[in-house]
file my_file_38.cif (mmCIF, C-alpha atoms, pLDDT in the B column; chains and numbers go by the auth columns)
data_coords
#
loop_
_atom_site.group_PDB
_atom_site.id
_atom_site.type_symbol
_atom_site.label_atom_id
_atom_site.label_comp_id
_atom_site.label_asym_id
_atom_site.label_seq_id
_atom_site.Cartn_x
_atom_site.Cartn_y
_atom_site.Cartn_z
_atom_site.B_iso_or_equiv
_atom_site.auth_seq_id
_atom_site.auth_asym_id
ATOM 1 C CA MET A 1 0.000 0.000 0.000 56.00 6 A
ATOM 2 C CA LYS A 2 2.851 2.376 0.812 68.00 7 A
ATOM 3 C CA ARG A 3 4.345 1.911 -2.653 70.00 8 A
ATOM 4 C CA TRP A 4 1.252 3.487 -4.284 69.00 9 A
ATOM 5 C CA ILE A 5 1.556 6.532 -2.057 74.00 10 A
ATOM 6 C CA LEU A 6 5.141 6.992 -3.229 68.00 11 A
ATOM 7 C CA LEU A 7 3.909 7.144 -6.847 70.00 12 A
ATOM 8 C CA VAL A 8 1.524 10.069 -6.217 71.00 13 A
ATOM 9 C CA PRO A 9 4.259 12.763 -6.155 73.00 14 A
ATOM 10 C CA LEU A 10 5.815 11.288 -9.292 67.00 15 A
ATOM 11 C CA LEU A 11 2.473 11.335 -11.128 67.00 16 A
ATOM 12 C CA LEU A 12 1.825 14.929 -10.006 68.00 17 A
ATOM 13 C CA PHE A 13 5.288 15.940 -11.206 69.00 18 A
ATOM 14 C CA LEU A 14 4.795 14.278 -14.610 70.00 19 A
ATOM 15 C CA GLY A 15 1.391 15.925 -15.043 69.00 20 A
ATOM 16 C CA MET A 16 2.795 19.366 -14.193 69.00 21 A
ATOM 17 C CA ALA A 17 5.808 18.836 -16.466 66.00 22 A
ATOM 18 C CA GLY A 18 3.513 17.893 -19.372 66.00 23 A
ATOM 19 C CA PHE A 19 1.366 20.981 -18.786 65.00 24 A
ATOM 20 C CA LEU A 20 4.414 23.291 -18.724 66.00 25 A
ATOM 21 C CA TYR A 21 5.959 21.595 -21.773 65.00 26 A
ATOM 22 C CA ARG A 22 2.773 22.238 -23.771 68.00 27 A
ATOM 23 C CA GLY A 23 2.944 25.910 -22.771 59.00 28 A
ATOM 24 C CA LEU A 24 6.290 26.259 -24.517 66.00 29 A
ATOM 25 C CA TYR A 25 4.535 25.918 -27.872 62.00 30 A
ATOM 26 C CA LEU A 26 1.676 28.377 -27.304 56.00 31 A
ATOM 27 C CA ASP A 27 1.829 31.853 -28.848 54.00 32 A
ATOM 28 C CA PRO A 28 1.658 34.408 -26.009 52.00 33 A
ATOM 29 C CA ALA A 29 0.541 37.099 -28.463 50.00 34 A
ATOM 30 C CA GLU A 30 -2.519 35.083 -29.454 52.00 35 A
ATOM 31 C CA LEU A 31 -5.368 36.099 -27.196 51.00 36 A
ATOM 32 C CA PRO A 32 -8.605 34.256 -27.865 58.00 37 A
ATOM 33 C CA SER A 33 -11.704 36.350 -28.420 69.00 38 A
ATOM 34 C CA ALA A 34 -15.193 35.359 -27.400 79.00 39 A
ATOM 35 C CA MET A 35 -16.436 37.639 -30.207 87.00 40 A
ATOM 36 C CA ILE A 36 -15.276 35.434 -33.091 94.00 41 A
ATOM 37 C CA GLY A 37 -18.357 34.345 -35.052 95.00 42 A
ATOM 38 C CA LYS A 38 -20.581 36.923 -33.369 96.00 43 A
ATOM 39 C CA GLN A 39 -22.161 40.096 -34.687 97.00 44 A
ATOM 40 C CA PHE A 40 -20.208 43.312 -34.152 97.00 45 A
ATOM 41 C CA PRO A 41 -21.668 44.909 -30.996 97.00 46 A
ATOM 42 C CA ALA A 42 -24.397 47.506 -31.349 97.00 47 A
ATOM 43 C CA PHE A 43 -23.241 51.064 -30.663 97.00 48 A
ATOM 44 C CA SER A 44 -24.166 54.679 -31.258 98.00 49 A
ATOM 45 C CA LEU A 45 -21.111 56.936 -31.144 98.00 50 A
ATOM 46 C CA PRO A 46 -19.933 60.073 -32.940 98.00 51 A
ATOM 47 C CA SER A 47 -17.427 60.008 -35.762 98.00 52 A
ATOM 48 C CA VAL A 48 -13.979 61.406 -35.057 98.00 53 A
ATOM 49 C CA GLN A 49 -14.350 63.855 -37.937 95.00 54 A
ATOM 50 C CA GLY A 50 -17.470 65.963 -37.740 92.00 55 A
ATOM 51 C CA GLY A 51 -19.213 64.127 -34.904 93.00 56 A
ATOM 52 C CA LYS A 52 -21.791 62.474 -37.205 96.00 57 A
ATOM 53 C CA PRO A 53 -23.622 59.714 -35.294 97.00 58 A
ATOM 54 C CA LEU A 54 -22.431 56.245 -36.300 98.00 59 A
ATOM 55 C CA THR A 55 -23.996 52.868 -35.571 98.00 60 A
ATOM 56 C CA GLN A 56 -23.321 49.217 -36.250 97.00 61 A
ATOM 57 C CA ALA A 57 -25.251 49.577 -39.531 97.00 62 A
ATOM 58 C CA ASP A 58 -22.509 51.865 -40.887 97.00 63 A
ATOM 59 C CA LEU A 59 -20.091 48.910 -40.815 97.00 64 A
ATOM 60 C CA LEU A 60 -22.231 46.630 -42.974 97.00 65 A
ATOM 61 C CA GLY A 61 -21.950 45.948 -46.689 96.00 66 A
ATOM 62 C CA LYS A 62 -18.248 45.217 -47.184 96.00 67 A
ATOM 63 C CA PRO A 63 -15.677 43.041 -45.471 98.00 68 A
ATOM 64 C CA ALA A 64 -13.353 45.294 -43.483 98.00 69 A
ATOM 65 C CA LEU A 65 -10.615 45.584 -40.941 98.00 70 A
ATOM 66 C CA VAL A 66 -11.773 47.385 -37.796 98.00 71 A
ATOM 67 C CA ASN A 67 -8.675 48.882 -36.204 98.00 72 A
ATOM 68 C CA VAL A 68 -8.624 50.011 -32.565 98.00 73 A
ATOM 69 C CA TRP A 69 -6.107 52.851 -32.227 98.00 74 A
ATOM 70 C CA GLY A 70 -5.154 55.844 -30.115 97.00 75 A
ATOM 71 C CA THR A 71 -2.758 58.756 -30.326 97.00 76 A
ATOM 72 C CA TRP A 72 -1.346 57.660 -26.960 97.00 77 A
ATOM 73 C CA CYS A 73 -0.391 54.276 -28.449 96.00 78 A
ATOM 74 C CA ILE A 74 3.242 54.061 -29.576 96.00 79 A
ATOM 75 C CA SER A 75 2.631 50.810 -31.473 97.00 80 A
ATOM 76 C CA CYS A 76 -0.215 52.474 -33.383 97.00 81 A
ATOM 77 C CA ARG A 77 2.296 54.954 -34.795 96.00 82 A
ATOM 78 C CA VAL A 78 4.391 52.022 -36.065 96.00 83 A
ATOM 79 C CA GLU A 79 1.343 50.372 -37.639 97.00 84 A
ATOM 80 C CA HIS A 80 -0.215 53.484 -39.175 98.00 85 A
ATOM 81 C CA PRO A 81 1.886 53.684 -42.383 97.00 86 A
ATOM 82 C CA VAL A 82 1.022 50.046 -43.176 98.00 87 A
ATOM 83 C CA LEU A 83 -2.697 50.733 -42.704 98.00 88 A
ATOM 84 C CA THR A 84 -2.420 53.818 -44.908 98.00 89 A
ATOM 85 C CA ARG A 85 -0.733 51.798 -47.661 98.00 90 A
ATOM 86 C CA LEU A 86 -3.364 49.032 -47.389 98.00 91 A
ATOM 87 C CA ALA A 87 -6.161 51.612 -47.647 98.00 92 A
ATOM 88 C CA GLN A 88 -4.518 53.052 -50.757 97.00 93 A
ATOM 89 C CA GLN A 89 -4.548 49.528 -52.223 97.00 94 A
ATOM 90 C CA GLY A 90 -8.314 49.300 -51.657 97.00 95 A
ATOM 91 C CA VAL A 91 -8.521 47.481 -48.321 98.00 96 A
ATOM 92 C CA VAL A 92 -11.555 48.731 -46.387 98.00 97 A
ATOM 93 C CA ILE A 93 -10.483 49.892 -42.931 98.00 98 A
ATOM 94 C CA TYR A 94 -12.696 51.313 -40.192 98.00 99 A
ATOM 95 C CA GLY A 95 -11.177 52.903 -37.110 98.00 100 A
ATOM 96 C CA ILE A 96 -12.124 53.005 -33.462 98.00 101 A
ATOM 97 C CA ASN A 97 -10.294 55.846 -31.741 98.00 102 A
ATOM 98 C CA TYR A 98 -10.123 54.295 -28.287 98.00 103 A
ATOM 99 C CA LYS A 99 -10.019 56.259 -25.008 97.00 104 A
ATOM 100 C CA ASP A 100 -8.544 59.303 -26.700 97.00 105 A
ATOM 101 C CA VAL A 101 -9.049 63.051 -26.933 96.00 106 A
ATOM 102 C CA ASN A 102 -10.796 63.866 -30.210 97.00 107 A
ATOM 103 C CA VAL A 103 -8.662 66.984 -30.893 97.00 108 A
ATOM 104 C CA ASP A 104 -5.536 64.810 -30.629 97.00 109 A
ATOM 105 C CA ALA A 105 -7.064 62.230 -32.995 97.00 110 A
ATOM 106 C CA LEU A 106 -7.867 64.916 -35.582 97.00 111 A
ATOM 107 C CA LYS A 107 -4.293 66.236 -35.433 97.00 112 A
ATOM 108 C CA TRP A 108 -2.911 62.697 -35.785 97.00 113 A
ATOM 109 C CA LEU A 109 -5.032 62.036 -38.886 97.00 114 A
ATOM 110 C CA LYS A 110 -3.991 65.364 -40.404 96.00 115 A
ATOM 111 C CA ASP A 111 -0.288 64.757 -39.715 96.00 116 A
ATOM 112 C CA PHE A 112 -0.106 61.049 -40.645 96.00 117 A
ATOM 113 C CA GLN A 113 -2.969 60.613 -43.179 95.00 118 A
ATOM 114 C CA ASN A 114 -6.311 58.946 -42.621 97.00 119 A
ATOM 115 C CA PRO A 115 -6.617 55.298 -43.717 98.00 120 A
ATOM 116 C CA TYR A 116 -10.100 54.954 -42.203 98.00 121 A
ATOM 117 C CA GLN A 117 -13.292 55.096 -44.257 97.00 122 A
ATOM 118 C CA ILE A 118 -15.227 55.390 -41.003 97.00 123 A
ATOM 119 C CA ASN A 119 -13.632 56.467 -37.731 98.00 124 A
ATOM 120 C CA ILE A 120 -15.579 55.985 -34.483 98.00 125 A
ATOM 121 C CA ASN A 121 -14.869 58.161 -31.447 98.00 126 A
ATOM 122 C CA ASP A 122 -14.913 55.762 -28.474 98.00 127 A
ATOM 123 C CA GLU A 123 -13.648 58.276 -25.921 96.00 128 A
ATOM 124 C CA ALA A 124 -15.249 56.516 -22.951 96.00 129 A
ATOM 125 C CA GLY A 125 -14.110 53.065 -24.134 96.00 130 A
ATOM 126 C CA GLY A 126 -17.551 51.404 -24.005 97.00 131 A
ATOM 127 C CA LEU A 127 -17.365 49.931 -27.508 97.00 132 A
ATOM 128 C CA GLY A 128 -13.857 48.677 -26.839 96.00 133 A
ATOM 129 C CA LEU A 129 -15.089 47.053 -23.644 95.00 134 A
ATOM 130 C CA ASN A 130 -17.928 45.330 -25.526 96.00 135 A
ATOM 131 C CA LEU A 131 -15.379 44.036 -28.044 96.00 136 A
ATOM 132 C CA GLY A 132 -13.094 42.713 -25.306 93.00 137 A
ATOM 133 C CA VAL A 133 -10.282 45.089 -26.231 94.00 138 A
ATOM 134 C CA TYR A 134 -7.184 44.812 -24.031 88.00 139 A
ATOM 135 C CA GLY A 135 -5.471 47.878 -25.480 89.00 140 A
ATOM 136 C CA ALA A 136 -4.318 49.208 -28.793 95.00 141 A
ATOM 137 C CA PRO A 137 -3.621 48.321 -31.462 97.00 142 A
ATOM 138 C CA GLU A 138 -6.110 45.539 -31.965 97.00 143 A
ATOM 139 C CA THR A 139 -7.759 44.738 -35.265 97.00 144 A
ATOM 140 C CA PHE A 140 -10.921 42.805 -36.025 97.00 145 A
ATOM 141 C CA LEU A 141 -11.772 41.343 -39.419 98.00 146 A
ATOM 142 C CA ILE A 142 -15.502 41.546 -40.129 98.00 147 A
ATOM 143 C CA ASP A 143 -17.474 40.152 -43.033 97.00 148 A
ATOM 144 C CA SER A 144 -20.007 42.117 -45.095 97.00 149 A
ATOM 145 C CA LYS A 145 -22.764 41.254 -42.600 97.00 150 A
ATOM 146 C CA GLY A 146 -20.781 42.592 -39.642 97.00 151 A
ATOM 147 C CA VAL A 147 -19.816 39.218 -38.184 97.00 152 A
ATOM 148 C CA ILE A 148 -16.383 39.178 -36.534 97.00 153 A
ATOM 149 C CA ARG A 149 -14.247 36.530 -38.249 97.00 154 A
ATOM 150 C CA TYR A 150 -10.791 37.159 -36.770 97.00 155 A
ATOM 151 C CA LYS A 151 -8.998 39.233 -34.151 96.00 156 A
ATOM 152 C CA HIS A 152 -5.369 40.318 -34.251 95.00 157 A
ATOM 153 C CA VAL A 153 -3.723 41.795 -31.167 94.00 158 A
ATOM 154 C CA GLY A 154 -0.687 43.956 -31.841 95.00 159 A
ATOM 155 C CA VAL A 155 0.863 45.781 -34.754 97.00 160 A
ATOM 156 C CA ILE A 156 -0.120 44.943 -38.308 97.00 161 A
ATOM 157 C CA ASP A 157 3.075 45.051 -40.308 97.00 162 A
ATOM 158 C CA ASP A 158 3.813 43.695 -43.780 97.00 163 A
ATOM 159 C CA VAL A 159 4.516 40.195 -42.458 97.00 164 A
ATOM 160 C CA VAL A 160 1.315 40.024 -40.376 97.00 165 A
ATOM 161 C CA TRP A 161 -0.695 41.296 -43.335 98.00 166 A
ATOM 162 C CA ARG A 162 0.850 38.850 -45.781 97.00 167 A
ATOM 163 C CA GLU A 163 0.915 35.766 -43.531 96.00 168 A
ATOM 164 C CA GLN A 164 -2.226 36.187 -41.405 95.00 169 A
ATOM 165 C CA LEU A 165 -4.718 38.749 -42.672 97.00 170 A
ATOM 166 C CA ALA A 166 -4.481 39.147 -46.464 97.00 171 A
ATOM 167 C CA GLY A 167 -5.807 35.679 -47.285 97.00 172 A
ATOM 168 C CA LEU A 168 -8.627 35.925 -44.756 97.00 173 A
ATOM 169 C CA TYR A 169 -9.615 39.376 -45.994 97.00 174 A
ATOM 170 C CA GLN A 170 -9.518 38.340 -49.656 97.00 175 A
ATOM 171 C CA GLY A 171 -11.585 35.254 -48.868 96.00 176 A
ATOM 172 C CA LEU A 172 -14.285 37.438 -47.330 96.00 177 A
ATOM 173 C CA VAL A 173 -14.165 39.828 -50.307 95.00 178 A
ATOM 174 C CA ASP A 174 -14.574 36.892 -52.712 94.00 179 A
ATOM 175 C CA GLU A 175 -17.404 35.468 -50.581 92.00 180 A
ATOM 176 C CA ALA A 176 -19.244 38.822 -50.649 88.00 181 A
ATOM 177 C CA LYS A 177 -19.195 39.054 -54.466 85.00 182 A
ATOM 178 C CA PRO A 178 -22.593 38.383 -56.090 78.00 183 A
#

call {"tool": "encode", "arguments": {"input": "my_file_38.cif", "output": "structure tokens"}}
result
Amino acid sequence: MKRWILLVPLLLFLGMAGFLYRGLYLDPAELPSAMIGKQFPAFSLPSVQGGKPLTQADLLGKPALVNVWGTWCISCRVEHPVLTRLAQQGVVIYGINYKDVNVDALKWLKDFQNPYQININDEAGGLGLNLGVYGAPETFLIDSKGVIRYKHVGVIDDVVWREQLAGLYQGLVDEAKP
């Protein structure tokens, strides 16, 4: 009977070692989102430029990237030229200016160009909270019906676009064609 008791610590050690070993192969940048496969949350917020009221309906009709950004976000500055280039190539990009001062956002867009077809002012952060945003930059890929298909946390650079997002985006564009 005592021999079985001696095996318990060994079994616990092996179980813990297996758990930790598996963790070595997980991507720490990949944060799962409960929003994948769900409709983009309903909202009614002003646009960054002009204050026009925007709602979820304004995001429907075309597949798009929805980019959460802020002037306070250093990584957003790194990502911005890539987004601008993608927009110039015809990629539909909507922005959510997250927990920011609108005057600062307007200056940013004037100084660095505006890649966003629609830009939502989420000064209080309520929309970001409903999306499960951890910070900025974060980017959601939505289909033409407003269903969230993918979430990327971190900077979109040329490699991320080419290896992770371009194929998914193009697939949604092709799917939306009549």

call {"tool": "resolve_selection", "arguments": {"input": "my_file_38.cif", "expression": "the PyMOL selection byres ((chain A and resi 113) around 12)", "output": "list in words"}}
result
Val53, Gln54, Trp74, Gly75, Thr76, Trp77, Cys78, Cys81, Arg82, His85, Asn102, Asp105, Val106, Asn107, Val108, Asp109, Ala110, Leu111, Lys112, Leu114, Lys115, Asp116, Phe117, Gln118, Asn119 and Pro120 of chain A

call {"tool": "closest_residue", "arguments": {"input": "my_file_38.cif", "among": "A:Ile125, A:Val158, A:Val71, A:Leu170", "to": "Ala141 (chain A)", "atoms": "all atoms listed in the file"}}
result
A:Val158

call {"tool": "resolve_selection", "arguments": {"input": "my_file_38.cif", "expression": "the PyMOL selection byres ((chain A and resi 45) around 6)", "output": "list of chain:residue names"}}
result
A:Gln44, A:Pro46, A:Gly151, A:Val152

call {"tool": "closest_residue", "arguments": {"input": "my_file_38.cif", "among": "A:Ile79, A:Leu91, A:Leu19, A:Ala39", "to": "Gly137 (chain A)", "atoms": "all atoms listed in the file"}}
result
A:Ala39

call {"tool": "resolve_selection", "arguments": {"input": "my_file_38.cif", "expression": "the PyMOL selection byres ((chain A and resi 92) around 12)", "output": "list in words"}}
result
Ala69, Leu70, His85, Pro86, Val87, Leu88, Thr89, Arg90, Leu91, Gln93, Gln94, Gly95, Val96, Val97, Ile98, Tyr99, Gly100, Gln118, Asn119, Pro120, Tyr121, Gln122 and Ile123 of chain A

call {"tool": "atom_distance", "arguments": {"input": "my_file_38.cif", "atom1": "CA of Gln61 (chain A)", "atom2": "CA of Lys104 (chain A)"}}
result
18.8 Å

call {"tool": "closest_residue", "arguments": {"input": "my_file_38.cif", "among": "A:Val83, A:Leu177, A:Val138, A:Ala47", "to": "Asp162 (chain A)", "atoms": "only C-alpha atoms"}}
result
A:Val83

call {"tool": "closest_residue", "arguments": {"input": "my_file_38.cif", "among": "A:Leu146, A:Ile161, A:Ile101, A:Leu136", "to": "Gln175 (chain A)", "atoms": "all atoms listed in the file"}}
result
A:Leu146

call {"tool": "closest_residue", "arguments": {"input": "my_file_38.cif", "among": "A:Tyr103, A:Lys43, A:Leu59, A:Pro183", "to": "Gly130 (chain A)", "atoms": "only C-alpha atoms"}}
result
A:Tyr103

call {"tool": "axis_aligned_box", "arguments": {"input": "my_file_38.cif", "around": "region 128-144 of chain A", "padding_each_side": "8 Å", "output": "AutoDock Vina command-line options"}}
result
--center_x -10.8 --center_y 50.5 --center_z -29.1 --size_x 30.3 --size_y 31.6 --size_z 28.3

call {"tool": "atom_distance", "arguments": {"input": "my_file_38.cif", "atom1": "CA of Pro51 (chain A)", "atom2": "CA of Asn124 (chain A)"}}
result
8.7 Å

call {"tool": "atom_distance", "arguments": {"input": "my_file_38.cif", "atom1": "CA of Pro142 (chain A)", "atom2": "CA of Asp63 (chain A)"}}
result
21.4 Å

call {"tool": "closest_residue", "arguments": {"input": "my_file_38.cif", "among": "A:Gly55, A:Gly176, A:Gly133, A:Pro14", "to": "Met40 (chain A)", "atoms": "all atoms listed in the file"}}
result
A:Gly133

call {"tool": "residues_around", "arguments": {"input": "my_file_38.cif", "residues": "His157 (chain A)", "least_positions_apart": "6", "cutoff": "12 Å", "atoms": "only C-alpha atoms", "output": "VMD selection string"}}
result
chain A and resid 34 to 38 41 70 to 73 138 to 147 165 to 166 169 to 170 173

call {"tool": "residues_around", "arguments": {"input": "my_file_38.cif", "residues": "Gly66 (chain A)", "least_positions_apart": "2", "cutoff": "10 Å", "atoms": "all atoms listed in the file", "output": "number ranges by chain"}}
result
A: 62-64, 68-69, 148-151, 181
